[in-house]
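Asker: Let me give you the structure first, and then I'll get to my questions.
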Amino acid sequence: MNEVRPMFNDFNSLKQFFEPESIAILGASSDTTKPSSKPQVSLINRGYKGKIYPVNPKYKEIFGHKCYSSLADIPGKVDLVIISIPAQGVYTALEQCIAKGICSAVIFSSGFAETGLEGRVLQDKITALAKASGIRLCGPNSVGLINTINGVMASFAHIVDIPDVASKSVGFVTQSGAYGVLIYAQALANGVGFNYFVSVGNEADTEFADFLGYMIHDSATKLVGGYLEGARDGAKLRRVAEEAVKLEKPIMIMKVGRSKVGAKAASSHTGSLAGVDQIYDGFFKQTGIIRIDGYEEMIAFAPFISAGRLPQGKNVAIVSISGGIGITLADACEGLGLTLPMLKESTMAKMKEVLPFFASAQNPIDMTGKFMTHPQILLTCLNALLEDDSIDIIFANFELFEPYGVEIARGIIDIYNSTSKTIVLNPWVYPGTDEGEGVRELRRAGLPVFFNPTLTVRALAQMADYAEFLRKRKNREYQIPVINQGERSKVELNGLEGILSEGISKNLLASFGIPVTKESLAQNEDEAAFMARQIGYPVVLKVDSSDIPHKTEANALMLNLSSEEEVRRAYKIVLQNAKKHKPDARINGVLVQEMLSEGIEVIIGVTRDKVFGPTIMFGLGGIYVEVLKDVSFRVAPLSPGDARDMIEEIKGFGLLKGVRGKPPADLDALVDVIMKVSAMVTELKDQVEELDINPLIVYPAQMGAKAADAMVVLRSSF
């Protein structure tokens with residue numbers, strides 16, 4: 001049975017932020033130089049149809065609206081309050097909101113957690129009040145929120161004064177008010193309009209993921225973007241992302257903080273390798289969130305989504321009026337995972353009928369300067385490419401000059417409307433010149449028109465990756481299995497905490513079906529010799545001690561022992577070296593293990609991330625993890641498809657596929673181990689702090705895998 005997750009729709013409590021029938025402005029002012037005057041002015045100017053109640057005992061009237069001395073004096077119901085008063089008065093103001101029955105508040109006021117301990121105390125008080133009363137807060141220290149659909153301008157930022165554009169399809173959430181305002185303005189300058197804009201401020205109550213969840217359910221919003229410094233609730237963000245996939249609403253996030261500053265020092269390889277950014281990167285790949293490096297990428301992506309046409313694959317044909325541009329675009333495409341296949345002979349033959357002999361009908365197609373006198377060449381090439389079933393995407397680079405501009409534009413529109421293929425248009429517009437009536441004709445028809453070819457290719461690659469992700473997620477292998485929350489963990493972990501010895505760690509792994517070496521714990525030489533005979537030579541001897549997790553550093557292990565004499569001698573050496581390395585170590589005994597045959601060494605690890613919880617790492621062993629740090633991450637629980645993706649993602653995957661005559665590794669067995677680790681840490685919830693299976697030996701196809709060494713670290717609070 002596979003788990004069917006409920007639709008994530010816990011956003012009704014946010015509705016009053018965006019669809020209030022009445023708004024009160026606490027701290028309203030008639031002084032237009034003050035932030036507290038901005039909301040009322042912009043509500044009026046943007047045609048807000050609801051009731052506006054300015055509140056300030058200093059005034060009788062502000063901008064034509066009666067001004068009230070307090071919230072309690074307002075005669076009618078208030079859905080949303082905008083608070084623009086000093087921080088010290090906010091708690092009392094919220095108490096008044098609760099008494100009035102107001103359920104939502106946008107708090108401009110600063111002076112809270114961003115200022116230090118005293119401000120943190122103030123913020124904690126309003127957070128507790130919100131939780132106790134149910135009032136929803138946006139902020140404090142927020143520049144506010146905007147709904148351009150109905151004119152709700154609950155913001156003091158200058159963007160409320162910028163005229164809208166006709167094309168509006170984006171919702172945007174930001175953890176930086178000032179930077180978010182810049183992004184909003186830049187999007188409008190490039191013809192991309194926002195339906196919603198939210199600055200979450202200090203997130204005393206509502207947070208980044210809450211507003212994403214609201215926006216993805218809005219039918220007019222096709223794309224949700226965000227500026228993120230750090231998620232507060234990883235599980236909530238995951239639910240929102242999974243819901244967005246079901247709705248086929250892309251989420252693009254500019255996540256800053258790629259450095260490893262703040263990555264914890266840990267006892268395991270996984271803990272030391274798990275930088276914050278790597279975990280976010282893996283999480284985004286797992287949930288379909290598109291990670292962007294700059295807001296320009298979101299601005300370039302928006303027209304694709306507005307056009308409503310996802311690529312059916314990654315095969316691109318480029319047709320250009322410049323051979324140099326064609327080659328440049330081809331390089332950019334292939335560098336981002338898009339492919340330029342050979343065109344069919346029949347396709348090239350149709351194009352050669354109109355192309356000059358010195359042109360190229362091969363991909364990328366160079367129409368040459370003849371286009372300037374015979375612009376219909378472009379239409380012939382486009383029609384020919386439509387009939388080539390090896391092509392998923394057509395990238396057209398051209399110039400719409402007069403007197404042919406409108407004529408050619410209309411021909412392009414007819415071709416675009418005749419197919420379901422993705423067609424990307426990149427007309428030349430020289431700096432300082434008018435784009436021309438032909439380009440405007442394309443825009444009016446809703447075709448995806450771009451002027452920056454580099455950003456266009458990046459957006460196209462992101463779109464193709466997103467479309468591929470949606471297709472993959474419909475497959476059964478991407479369904480997350482139900483994790484049975486049984487009583488096993490209570491028995492296995494009874495009284496255990498901190499670093500577990502290898503023997504105890506492996507017993508725990510084995511209880512979850514993870515294959516481990518045959519082994520026994522010896523207390524003396526005679527037991528070691530007996531156990532070696534039972535297991536069968538060759539064997540390995542290791543000290544078993546939670547105080548010596550890294551046995552190689554202590555020289556407390558000996559490999560490939562082939563006789564009883566070697567075992568007895570090794571037993572003494574292992575103990576001597578262990579005690580010399582750490583005289584006060586608690587030693588359980590000496591593990592006698594089977595010596596595994598040669599295979600490919602990999603590492604599977606778990607670290608408990610403070611945002612996302614148990615996070616699984618995979619990589620090749622040895623130099624690949626120690627020096628190259630060639631690893632991938634995903635957040636538990638995983639689907640089998642997630643497990644296979646993280647295996648195929650590492651640069652060393654070619655070694656697992658088999659090279660230079662070596663057989664491919666048993667990838668199914670490897671996926672199975674990762675899934676069992678996922679089930680284990682999901683069942684044990686927050687009890688596992690870290691886990692390392694290092695190495696896991698993977699054998700050729702259908703021969704399985706086995707853990708040669710393992711270490712589990714449990715949280716001491718359990």
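Order determines the names: the first chain of the structure tokens is A, the second B, and so forth; residues in each chain are numbered 1 upward, and ligands are numbered 1 upward as they are shown.
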DSSP on the backbone, then: every residue of segment 5-234 of chain A marked helix (DSSP H, G or I), written as an MDAnalysis selection string.
Answerer: chainID A and resid 12:18 35:45 71:73 87:100 113:115 117:133 158:161 177:189 208:216 234
Asker: Return the single residue from A:Glu626, A:Asp544, A:Glu435, A:Asp672 that is closest to Leu638 of chain A, with distances computed using only C-alpha atoms.
Answerer: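 Among the listed residues, A:Asp672 lies closest to Leu638 of chain A.
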Asker: I'd like the neighbourhood of Asp205 of chain A as a ChimeraX atom specification, where a residue qualifies if any of its atoms comes within 12 Å (using only C-alpha atoms), though same-chain residues fewer than 3 positions away should be ignored.
Answerer: /A:13-14,104-107,123-140,200-202,208-211,232-233
Asker: For segment 424-434 of chain A, list every protein, DNA or RNA residue within 7 Å, evaluated using only C-alpha atoms, and leave out those in the same chain fewer than 2 positions away; present the list as a PDB file with C-alpha atoms, in the first residue's frame.
Answerer:
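Wrote part.pdb, looks like this:
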```
ATOM      1  CA  ILE A 394      12.095  25.488 -31.215  1.00  0.00           C
ATOM      2  CA  PHE A 395      14.240  28.509 -30.356  1.00  0.00           C
ATOM      3  CA  ALA A 396      13.874  31.259 -32.962  1.00  0.00           C
ATOM      4  CA  ASN A 397      16.319  34.179 -33.055  1.00  0.00           C
ATOM      5  CA  PHE A 398      15.381  36.802 -35.658  1.00  0.00           C
ATOM      6  CA  GLU A 399      14.684  40.488 -36.398  1.00  0.00           C
ATOM      7  CA  LEU A 400      11.248  41.923 -37.141  1.00  0.00           C
ATOM      8  CA  THR A 422       7.200  24.781 -27.229  1.00  0.00           C
ATOM      9  CA  GLY A 436       8.456  47.670 -33.174  1.00  0.00           C
ATOM     10  CA  PRO A 448       6.641  33.913 -25.074  1.00  0.00           C
ATOM     11  CA  VAL A 449       8.902  36.765 -26.223  1.00  0.00           C
ATOM     12  CA  PHE A 450      12.364  37.272 -24.706  1.00  0.00           C
ATOM     13  CA  PHE A 451      15.170  39.729 -25.401  1.00  0.00           C
ATOM     14  CA  PRO A 453      19.136  35.079 -25.019  1.00  0.00           C
TER      15      PRO A 453
END
```
